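Source file: structure04.tsv (TSV, C-alpha atoms)
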chain	number	residue	atom	x	y	z
A	30	MET	CA	-53.10	-8.98	-8.14
A	31	SER	CA	-50.81	-11.91	-8.74
A	32	GLY	CA	-49.01	-10.19	-11.72
A	33	VAL	CA	-48.43	-6.88	-9.92
A	34	PRO	CA	-45.28	-6.84	-7.83
A	35	PRO	CA	-45.44	-5.03	-4.50
A	36	LEU	CA	-43.59	-1.73	-4.14
A	37	PRO	CA	-40.33	-1.79	-2.20
A	38	PRO	CA	-40.32	-0.05	1.21
A	39	SER	CA	-39.03	3.18	-0.29
A	40	GLY	CA	-42.08	3.42	-2.54
A	41	ILE	CA	-39.89	4.34	-5.55
A	42	PRO	CA	-39.58	1.38	-7.93
A	43	GLY	CA	-36.10	0.81	-9.28
A	44	PHE	CA	-34.36	3.10	-6.81
A	45	VAL	CA	-33.65	0.48	-4.17
A	46	LEU	CA	-30.76	-1.76	-5.16
A	47	ASP	CA	-31.57	-4.34	-2.53
A	48	ASP	CA	-31.90	-7.99	-3.48
A	49	THR	CA	-34.97	-8.54	-1.26
A	50	ASN	CA	-36.95	-5.75	-2.87
A	51	LEU	CA	-35.66	-6.20	-6.39
A	52	PHE	CA	-36.74	-9.80	-6.38
A	53	ASN	CA	-40.32	-8.59	-6.23
A	54	PHE	CA	-40.03	-6.87	-9.61
A	55	GLY	CA	-39.61	-10.12	-11.45
A	56	PRO	CA	-36.61	-11.72	-13.10
A	57	GLU	CA	-36.24	-9.25	-15.98
A	58	LEU	CA	-36.17	-6.10	-13.90
A	59	ASP	CA	-34.06	-7.92	-11.35
A	60	ALA	CA	-31.50	-8.67	-14.06
A	61	VAL	CA	-31.47	-5.01	-15.14
A	62	ALA	CA	-31.00	-3.93	-11.54
A	63	ARG	CA	-28.13	-6.38	-11.15
A	64	ASP	CA	-26.56	-4.93	-14.29
A	65	VAL	CA	-26.92	-1.44	-12.83
A	66	ALA	CA	-25.39	-2.63	-9.57
A	67	ASN	CA	-22.49	-4.16	-11.52
A	68	ILE	CA	-22.04	-0.93	-13.46
A	69	LEU	CA	-21.97	1.03	-10.21
A	70	ALA	CA	-19.44	-1.37	-8.73
A	71	ASN	CA	-17.30	-1.11	-11.86
A	72	GLN	CA	-17.66	2.65	-11.74
A	73	ASN	CA	-16.40	2.73	-8.15
A	74	ALA	CA	-13.44	0.55	-9.12
A	75	PHE	CA	-12.81	2.84	-12.07
A	76	PHE	CA	-12.93	5.95	-9.84
A	77	ALA	CA	-10.51	4.32	-7.37
A	78	GLU	CA	-8.19	3.56	-10.29
A	79	VAL	CA	-8.48	7.14	-11.53
A	80	GLN	CA	-7.63	8.46	-8.05
A	81	THR	CA	-4.56	6.23	-7.87
A	82	SER	CA	-3.47	7.28	-11.34
A	83	GLN	CA	-4.08	10.92	-10.43
A	84	ALA	CA	-1.85	10.64	-7.33
A	85	GLN	CA	0.87	8.95	-9.39
A	86	LEU	CA	0.56	11.61	-12.07
A	87	ILE	CA	0.88	14.42	-9.50
A	88	ALA	CA	3.94	12.75	-7.94
A	89	SER	CA	5.53	12.34	-11.38
A	90	ALA	CA	4.72	15.93	-12.30
A	91	ASN	CA	6.24	17.23	-9.04
A	92	ALA	CA	9.40	15.19	-9.62
A	93	ALA	CA	9.61	16.47	-13.20
A	94	ILE	CA	9.15	20.07	-12.04
A	95	ALA	CA	11.89	19.63	-9.42
A	96	ASN	CA	14.23	18.24	-12.10
A	97	LEU	CA	13.34	21.06	-14.47
A	98	ASN	CA	13.99	23.66	-11.77
A	99	THR	CA	17.41	22.13	-11.10
A	100	THR	CA	18.22	22.06	-14.82
A	101	LEU	CA	17.16	25.68	-15.28
A	102	ALA	CA	19.14	26.73	-12.20
A	103	ASN	CA	22.20	24.99	-13.68
A	104	LEU	CA	21.53	26.74	-16.99
A	105	ALA	CA	21.43	30.08	-15.19
A	106	GLN	CA	24.84	29.33	-13.70
A	107	LEU	CA	26.27	28.46	-17.13
A	108	LEU	CA	24.78	31.62	-18.59
A	109	GLN	CA	26.36	33.68	-15.83
A	110	VAL	CA	29.79	32.22	-16.66
A	111	ALA	CA	29.22	32.79	-20.40
A	112	ILE	CA	28.09	36.39	-19.85
A	113	LEU	CA	31.09	37.18	-17.64
A	114	GLY	CA	33.42	35.67	-20.27
A	115	LEU	CA	31.77	37.42	-23.19
A	116	GLN	CA	31.84	40.76	-21.40
A	117	GLN	CA	35.63	40.54	-21.44
A	118	VAL	CA	35.98	39.90	-25.18
A	119	ALA	CA	32.86	41.22	-26.94
A	120	SER	CA	33.91	43.93	-29.36
A	121	SER	CA	31.82	43.67	-32.53
A	122	SER	CA	28.16	44.66	-32.63
A	123	THR	CA	27.17	41.04	-33.26
A	124	GLN	CA	28.99	39.92	-30.13
A	125	GLN	CA	27.33	42.72	-28.18
A	126	GLN	CA	23.93	41.59	-29.46
A	127	ILE	CA	24.63	38.02	-28.37
A	128	LEU	CA	25.74	39.31	-24.98
A	129	THR	CA	22.53	41.31	-24.61
A	130	LEU	CA	20.46	38.27	-25.59
A	131	LEU	CA	22.22	36.07	-23.03
A	132	GLN	CA	21.69	38.73	-20.36
A	133	GLU	CA	17.98	38.85	-21.17
A	134	ILE	CA	17.69	35.06	-20.88
A	135	TYR	CA	19.65	35.21	-17.62
A	136	GLU	CA	17.19	37.75	-16.23
A	137	LEU	CA	14.26	35.56	-17.26
A	138	LEU	CA	15.72	32.83	-15.07
A	139	ALA	CA	15.97	35.14	-12.05
A	140	PRO	CA	13.19	33.37	-10.09
A	141	LEU	CA	15.16	30.12	-10.29
A	142	ARG	CA	18.58	31.48	-9.39
A	143	PRO	CA	19.87	30.85	-5.84
A	144	SER	CA	18.88	33.77	-3.63
A	145	THR	CA	19.44	32.47	-0.11
A	146	ILE	CA	21.33	29.68	1.67
A	147	GLY	CA	19.87	27.70	4.50
A	148	LEU	CA	18.76	24.37	5.94
A	149	ASP	CA	16.12	21.94	4.76
A	150	PRO	CA	14.81	20.72	8.13
A	151	ALA	CA	12.90	17.88	6.46
A	152	ALA	CA	16.08	16.18	5.24
A	153	THR	CA	18.12	15.03	8.23
A	154	ALA	CA	20.06	12.04	9.53
A	155	THR	CA	21.52	11.24	12.93
A	156	VAL	CA	24.54	9.36	14.23
A	157	SER	CA	24.77	8.24	17.86
A	158	GLN	CA	27.36	9.74	20.16
A	159	LYS	CA	28.08	9.32	23.86
A	160	THR	CA	26.03	11.78	25.90
A	161	PRO	CA	28.41	14.65	26.77
A	162	SER	CA	29.67	14.62	30.35
A	163	LYS	CA	29.15	18.37	30.78
A	164	PRO	CA	25.64	18.91	32.17
A	165	GLY	CA	25.07	22.24	30.42
A	166	PRO	CA	23.48	24.61	29.68
B	24	MET	CA	13.25	12.54	9.23
B	25	PRO	CA	12.20	16.16	9.93
B	26	LEU	CA	13.81	18.01	12.83
B	27	ASN	CA	11.93	17.87	16.12
B	28	VAL	CA	10.23	21.21	16.87
B	29	LEU	CA	9.83	21.86	20.61
B	30	ALA	CA	6.94	23.65	22.32
B	31	ASN	CA	8.99	26.88	22.41
B	32	GLY	CA	9.41	26.74	18.62
B	33	ASN	CA	13.11	25.78	18.73
B	34	TYR	CA	14.57	22.69	17.08
B	35	GLY	CA	15.34	20.03	19.70
B	36	LEU	CA	18.58	18.09	19.16
B	37	GLN	CA	19.23	14.99	21.28
B	38	SER	CA	22.49	15.23	23.19
B	39	ASP	CA	23.39	11.60	22.44
B	40	GLN	CA	23.21	12.19	18.68
B	41	ILE	CA	25.08	14.14	15.99
B	42	THR	CA	22.42	15.54	13.66
B	43	TYR	CA	23.03	16.15	9.95
B	44	ILE	CA	20.76	18.68	8.21
B	45	HIS	CA	20.60	19.31	4.46
B	46	LEU	CA	22.38	22.52	3.44
B	47	THR	CA	20.90	23.99	0.28
B	48	ALA	CA	20.33	27.16	-1.71
B	49	PHE	CA	16.82	28.50	-2.17
B	50	ALA	CA	15.49	30.41	-5.20
B	51	ALA	CA	13.40	33.54	-4.82
B	52	GLY	CA	10.28	31.40	-5.16
B	53	GLY	CA	11.34	29.26	-2.19
B	54	GLY	CA	12.27	26.16	-4.20
B	55	MET	CA	15.53	24.36	-3.48
B	56	VAL	CA	18.19	24.86	-6.18
B	57	PRO	CA	21.85	23.86	-6.46
B	58	THR	CA	24.36	26.21	-4.83
B	59	PRO	CA	26.41	28.34	-7.25
B	60	THR	CA	29.47	26.62	-8.72
B	61	GLY	CA	32.47	26.94	-6.44
B	62	ASP	CA	30.34	28.22	-3.59
B	63	VAL	CA	31.86	27.71	-0.13
B	64	ASP	CA	29.88	27.98	3.10
B	65	THR	CA	31.08	28.28	6.66
B	66	VAL	CA	28.95	27.91	9.77
B	67	ALA	CA	29.18	28.90	13.42
B	68	SER	CA	26.96	28.80	16.47
B	69	SER	CA	25.82	31.98	18.16
B	70	GLY	CA	24.14	33.16	21.34
B	71	THR	CA	24.81	32.88	25.07
B	72	PHE	CA	25.24	29.10	24.94
B	73	ALA	CA	27.07	28.91	21.60
B	74	ALA	CA	29.86	26.87	23.22
B	75	SER	CA	27.39	24.05	23.92
B	76	LEU	CA	26.75	23.17	20.27
B	77	THR	CA	29.24	22.87	17.40
B	78	PHE	CA	28.19	23.25	13.76
B	79	ALA	CA	30.30	22.15	10.78
B	80	VAL	CA	29.82	22.04	7.00
B	81	THR	CA	30.10	18.46	5.78
B	82	THR	CA	28.21	15.87	3.73
B	83	PHE	CA	25.65	13.27	4.80
B	84	PRO	CA	27.28	10.01	5.95
B	85	ALA	CA	27.03	6.88	3.81
B	86	ASN	CA	24.46	5.27	6.12
B	87	ALA	CA	22.00	8.18	5.81
B	88	PRO	CA	18.73	7.34	4.02
B	89	ALA	CA	18.78	7.68	0.22
B	90	PRO	CA	19.22	10.04	-1.56
B	91	LEU	CA	21.05	11.97	1.19
B	92	PRO	CA	24.50	10.27	1.35
B	93	GLY	CA	27.12	12.63	-0.06
B	94	GLU	CA	24.76	15.62	-0.20
B	95	PRO	CA	25.88	18.88	1.47
B	96	ALA	CA	24.94	19.03	5.13
B	97	VAL	CA	25.50	20.92	8.35
B	98	SER	CA	26.39	18.67	11.28
B	99	ALA	CA	25.27	19.72	14.76
B	100	THR	CA	27.27	18.15	17.61
B	101	PRO	CA	26.00	18.76	21.18
B	102	LEU	CA	28.83	19.32	23.68
B	103	VAL	CA	26.63	19.31	26.80
B	104	ALA	CA	23.97	16.89	28.07
B	105	GLU	CA	21.22	19.51	28.13
B	106	SER	CA	20.74	23.12	27.11
B	107	ASP	CA	17.08	24.03	26.93
B	108	ALA	CA	14.29	25.67	28.90
B	109	GLY	CA	14.71	22.98	31.57
B	110	ASN	CA	18.06	24.41	32.71
B	111	ALA	CA	17.60	27.98	31.47
B	112	GLY	CA	19.75	27.34	28.39
B	113	GLY	CA	19.19	26.67	24.72
B	114	GLY	CA	18.23	29.19	22.06
B	115	ILE	CA	21.48	28.54	20.18
B	116	GLY	CA	21.68	30.19	16.78
B	117	LEU	CA	23.26	29.07	13.50
B	118	VAL	CA	25.16	31.58	11.36
B	119	ILE	CA	25.90	30.63	7.74
B	120	THR	CA	28.40	32.65	5.71
B	121	ASP	CA	28.30	32.09	1.94
B	122	SER	CA	31.23	32.90	-0.38
B	123	ALA	CA	28.85	33.81	-3.23
B	124	GLY	CA	27.19	36.35	-0.98
B	125	LEU	CA	23.89	34.51	-0.61
B	126	PRO	CA	22.10	35.73	2.53
B	127	GLN	CA	21.06	33.17	5.10
B	128	ALA	CA	17.47	31.95	5.01
B	129	VAL	CA	15.77	32.32	8.38
B	130	THR	CA	16.55	29.38	10.65
B	131	LYS	CA	14.97	28.47	13.97
B	132	LEU	CA	17.09	28.38	17.14
B	133	PHE	CA	18.38	25.10	18.56
B	134	ASP	CA	17.97	23.50	22.00
B	135	ILE	CA	19.85	20.43	23.27
B	136	VAL	CA	17.58	17.89	24.94
B	137	ARG	CA	18.18	14.63	26.73
B	138	ASP	CA	17.09	11.39	25.10
B	139	VAL	CA	13.62	10.75	26.53
B	140	THR	CA	12.88	7.65	24.49
B	141	ALA	CA	11.47	4.86	26.73
B	142	GLN	CA	14.09	2.11	27.12
B	143	SER	CA	12.67	-0.03	29.97
B	144	VAL	CA	9.72	-0.29	32.36
B	145	GLY	CA	9.90	-0.44	36.19
B	146	LEU	CA	8.78	1.08	39.53
B	147	ASP	CA	9.54	4.55	40.89
B	148	SER	CA	10.03	3.68	44.61
B	149	THR	CA	10.00	7.34	45.64
B	150	THR	CA	6.38	7.82	44.54
B	151	THR	CA	4.01	5.56	46.58
B	152	PHE	CA	0.59	5.63	48.27
B	153	THR	CA	-1.05	3.29	50.89
B	154	VAL	CA	-4.66	2.32	51.83
B	155	ALA	CA	-5.48	0.42	55.08
B	156	GLN	CA	-6.90	-3.13	54.93
B	157	PRO	CA	-7.77	-5.71	57.66
B	158	VAL	CA	-4.86	-7.88	58.72
B	159	PRO	CA	-5.21	-11.09	56.68
B	160	THR	CA	-6.40	-14.12	58.70
B	161	ALA	CA	-3.91	-16.45	57.06
B	162	THR	CA	-0.89	-16.66	59.35
B	163	GLY	CA	1.58	-17.18	56.62
B	164	PRO	CA	4.24	-17.62	55.56

Let me see the file written as structure tokens.
Amino acid sequence: MSGVPPLPPSGIPGFVLDDTNLFNFGPELDAVARDVANILANQNAFFAEVQTSQAQLIASANAAIANLNTTLANLAQLLQVAILGLQQVASSSTQQQILTLLQEIYELLAPLRPSTIGLDPAATATVSQKTPSKPGP
Amino acid sequence: MPLNVLANGNYGLQSDQITYIHLTAFAAGGGMVPTPTGDVDTVASSGTFAASLTFAVTTFPANAPAPLPGEPAVSATPLVAESDAGNAGGGIGLVITDSAGLPQAVTKLFDIVRDVTAQSVGLDSTTTFTVAQPVPTATGP
């Protein structure tokens, strides 16, 4: 009986990563279990790193999308000016074709063109003033 | 800092502050985009208590948090100490007119509230309560 290690409380050898129980499996299995525990710890650190990187990637992507939207909206404005100008002077068929092409591109950018004007309630700042003497309402 | 939304759904503006709010164009998809080149906007307050709040088109002041300084803004200046549900006022509207013909995105109504930030601690001598106890044996003083 001396060479047979006792089972850990769970009854499933190798599934309990507890030093007290692992010690009973002898130094070799104990070393393997420690390696597994190290791997799991490294894996957790790796997952935490991945999550951080993922958040940074999403933030970068959102910023890039915002910049792209602004650039495309500016492009739409330039196209509008070009189309209005070309409409005044286009006479040859080639010029008409270019005008049509620009108009098609302009229409493609419709979802990014300004459609309403309003307030962004998330972006505000305040400056103190003396409380008005009139009580209201 | 986002605008304070009151229990009645209106934006609450403190009467001891001038509030600057970002003025921007929105694309059909809802994203913020630059206003058209040469676009000019004008603003006015509306409703029964319009005279209690003045709106103006301006830019964010230099001491606003980055990246807001210099960006287009609407300033809201309260002209009365309070105009809200507490004194049967508030519900002041904002009307934006855009030279490029952009319609106004839906905006909540505005109420003017007093500054309720705690500044000091003390006793309210008008609200008290007593419980009887035996007269202390020590004569004093």

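Interatomic distance, atom CA of Pro166 of chain A against atom CA of Gly145 of chain B: 29.2 Å.
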
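In this structure, the chain B residues at most 6 Å away from chain A are Met24, Pro25, Leu26, Ser38, Asp39, Gln40, Ile41, Thr42, Tyr43, Ile44, His45, Leu46, Thr47, Ala48, Phe49, Ala50, Ala51, Val56, Ala87, Leu102, Val103, Ala104, Glu105, Ser106, Gly112, Leu125, Pro126, Gln127 and Ala128 of chain B, with only C-alpha atoms considered.
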
Exercise for the section: May I have the residues at most 8 Å from (31.6, 31.2, -7.7) in the file's coordinates, counting all atoms listed in the file, as a PyMOL selection string? Expected result: chain B and resi 59-62+122-123

Handout entry: atom CA of Leu117 of chain B to atom CA of Thr140 of chain B, distance in Å rounded to a single decimal
Key =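 Distance between the two atoms: 26.2 Å.
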
Problem - Nearest residue to Thr120 of chain B from the set B:Ala79, B:Leu132, B:Ala99, B:Ala74 (distances using only C-alpha atoms) - result: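 That would be B:Ala79, the residue with the smallest distance to Thr120 of chain B.
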
Problem - Residue among B:Asp107, B:Ala73, B:Gly93, B:Ala85 lying closest to Leu29 of chain B, counting only C-alpha atoms - result: B:Asp107

Problem - Computed interatomic separation between atom CA of Val66 of chain B and atom CA of Glu94 of chain B (Å) - result: 16.4 Å

Completion exercise
Counting all atoms listed in the file, closest pick from A:Val118, A:Leu113, A:Ala92, A:Leu104 relative to Ile134 of chain A is A:Leu104

Would you compute, for all listed atoms of segment 46-60 of chain B, the axis-aligned bounding box grown by 8 Å on each side, and then report its centre and edge lengths in Å rounded to one decimal, as lines of an AutoDock Vina configuration file?
center_x = 19.9
center_y = 28.0
center_z = -2.6
size_x = 35.2
size_y = 27.0
size_z = 28.2

Just add all heavy atoms to segment 55-66 of chain B and send it as a PDB file, in the coordinates of the input.
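And here is the file that came out, result_36.pdb:
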ATOM      1  N   MET B  55      14.118  24.684  -3.688  1.00  0.00           N
ATOM      2  CA  MET B  55      15.530  24.360  -3.480  1.00  0.00           C
ATOM      3  C   MET B  55      16.233  24.254  -4.830  1.00  0.00           C
ATOM      4  O   MET B  55      15.723  23.619  -5.750  1.00  0.00           O
ATOM      5  CB  MET B  55      15.665  23.052  -2.712  1.00  0.00           C
ATOM      6  CG  MET B  55      15.403  23.208  -1.240  1.00  0.00           C
ATOM      7  SD  MET B  55      15.625  21.671  -0.350  1.00  0.00           S
ATOM      8  CE  MET B  55      14.037  20.921  -0.601  1.00  0.00           C
ATOM      9  N   VAL B  56      17.395  24.897  -4.941  1.00  0.00           N
ATOM     10  CA  VAL B  56      18.190  24.860  -6.180  1.00  0.00           C
ATOM     11  C   VAL B  56      19.641  24.588  -5.802  1.00  0.00           C
ATOM     12  O   VAL B  56      20.032  24.795  -4.644  1.00  0.00           O
ATOM     13  CB  VAL B  56      18.077  26.202  -6.952  1.00  0.00           C
ATOM     14  CG1 VAL B  56      16.688  26.405  -7.500  1.00  0.00           C
ATOM     15  CG2 VAL B  56      18.475  27.373  -6.078  1.00  0.00           C
ATOM     16  N   PRO B  57      20.440  24.121  -6.774  1.00  0.00           N
ATOM     17  CA  PRO B  57      21.850  23.860  -6.460  1.00  0.00           C
ATOM     18  C   PRO B  57      22.565  25.155  -6.062  1.00  0.00           C
ATOM     19  O   PRO B  57      22.219  26.230  -6.541  1.00  0.00           O
ATOM     20  CB  PRO B  57      22.413  23.318  -7.779  1.00  0.00           C
ATOM     21  CG  PRO B  57      21.233  22.879  -8.561  1.00  0.00           C
ATOM     22  CD  PRO B  57      20.100  23.754  -8.154  1.00  0.00           C
ATOM     23  N   THR B  58      23.563  25.028  -5.197  1.00  0.00           N
ATOM     24  CA  THR B  58      24.360  26.210  -4.830  1.00  0.00           C
ATOM     25  C   THR B  58      25.213  26.617  -6.021  1.00  0.00           C
ATOM     26  O   THR B  58      25.525  25.782  -6.888  1.00  0.00           O
ATOM     27  CB  THR B  58      25.263  25.891  -3.629  1.00  0.00           C
ATOM     28  OG1 THR B  58      25.986  24.697  -3.921  1.00  0.00           O
ATOM     29  CG2 THR B  58      24.464  25.698  -2.361  1.00  0.00           C
ATOM     30  N   PRO B  59      25.583  27.896  -6.124  1.00  0.00           N
ATOM     31  CA  PRO B  59      26.410  28.340  -7.250  1.00  0.00           C
ATOM     32  C   PRO B  59      27.716  27.545  -7.320  1.00  0.00           C
ATOM     33  O   PRO B  59      28.257  27.121  -6.298  1.00  0.00           O
ATOM     34  CB  PRO B  59      26.674  29.808  -6.926  1.00  0.00           C
ATOM     35  CG  PRO B  59      25.558  30.212  -6.019  1.00  0.00           C
ATOM     36  CD  PRO B  59      25.232  28.988  -5.220  1.00  0.00           C
ATOM     37  N   THR B  60      28.215  27.369  -8.541  1.00  0.00           N
ATOM     38  CA  THR B  60      29.470  26.620  -8.720  1.00  0.00           C
ATOM     39  C   THR B  60      30.604  27.256  -7.926  1.00  0.00           C
ATOM     40  O   THR B  60      30.787  28.471  -7.961  1.00  0.00           O
ATOM     41  CB  THR B  60      29.836  26.606 -10.225  1.00  0.00           C
ATOM     42  OG1 THR B  60      28.709  26.146 -10.967  1.00  0.00           O
ATOM     43  CG2 THR B  60      31.019  25.703 -10.485  1.00  0.00           C
ATOM     44  N   GLY B  61      31.332  26.440  -7.210  1.00  0.00           N
ATOM     45  CA  GLY B  61      32.470  26.940  -6.440  1.00  0.00           C
ATOM     46  C   GLY B  61      32.091  27.617  -5.135  1.00  0.00           C
ATOM     47  O   GLY B  61      32.960  28.158  -4.443  1.00  0.00           O
ATOM     48  N   ASP B  62      30.817  27.562  -4.814  1.00  0.00           N
ATOM     49  CA  ASP B  62      30.340  28.220  -3.590  1.00  0.00           C
ATOM     50  C   ASP B  62      30.894  27.505  -2.353  1.00  0.00           C
ATOM     51  O   ASP B  62      30.933  26.283  -2.292  1.00  0.00           O
ATOM     52  CB  ASP B  62      28.806  28.164  -3.579  1.00  0.00           C
ATOM     53  CG  ASP B  62      28.211  29.091  -2.551  1.00  0.00           C
ATOM     54  OD1 ASP B  62      28.859  30.104  -2.235  1.00  0.00           O
ATOM     55  OD2 ASP B  62      27.110  28.804  -2.057  1.00  0.00           O
ATOM     56  N   VAL B  63      31.336  28.283  -1.388  1.00  0.00           N
ATOM     57  CA  VAL B  63      31.860  27.710  -0.130  1.00  0.00           C
ATOM     58  C   VAL B  63      31.086  28.335   1.033  1.00  0.00           C
ATOM     59  O   VAL B  63      30.921  29.561   1.085  1.00  0.00           O
ATOM     60  CB  VAL B  63      33.365  27.993   0.028  1.00  0.00           C
ATOM     61  CG1 VAL B  63      33.868  27.437   1.361  1.00  0.00           C
ATOM     62  CG2 VAL B  63      34.147  27.375  -1.122  1.00  0.00           C
ATOM     63  N   ASP B  64      30.619  27.479   1.926  1.00  0.00           N
ATOM     64  CA  ASP B  64      29.880  27.980   3.100  1.00  0.00           C
ATOM     65  C   ASP B  64      30.637  27.649   4.373  1.00  0.00           C
ATOM     66  O   ASP B  64      31.289  26.606   4.479  1.00  0.00           O
ATOM     67  CB  ASP B  64      28.487  27.328   3.147  1.00  0.00           C
ATOM     68  CG  ASP B  64      27.622  27.766   1.993  1.00  0.00           C
ATOM     69  OD1 ASP B  64      27.380  28.972   1.876  1.00  0.00           O
ATOM     70  OD2 ASP B  64      27.217  26.902   1.189  1.00  0.00           O
ATOM     71  N   THR B  65      30.530  28.549   5.325  1.00  0.00           N
ATOM     72  CA  THR B  65      31.080  28.280   6.660  1.00  0.00           C
ATOM     73  C   THR B  65      29.953  28.522   7.663  1.00  0.00           C
ATOM     74  O   THR B  65      29.049  29.327   7.422  1.00  0.00           O
ATOM     75  CB  THR B  65      32.262  29.207   6.982  1.00  0.00           C
ATOM     76  OG1 THR B  65      31.878  30.554   6.757  1.00  0.00           O
ATOM     77  CG2 THR B  65      33.460  28.887   6.119  1.00  0.00           C
ATOM     78  N   VAL B  66      30.017  27.801   8.770  1.00  0.00           N
ATOM     79  CA  VAL B  66      28.950  27.910   9.770  1.00  0.00           C
ATOM     80  C   VAL B  66      29.549  28.104  11.161  1.00  0.00           C
ATOM     81  O   VAL B  66      30.694  27.726  11.418  1.00  0.00           O
ATOM     82  CB  VAL B  66      28.044  26.654   9.777  1.00  0.00           C
ATOM     83  CG1 VAL B  66      27.214  26.566   8.530  1.00  0.00           C
ATOM     84  CG2 VAL B  66      28.866  25.389   9.950  1.00  0.00           C
TER      85      VAL B  66
END
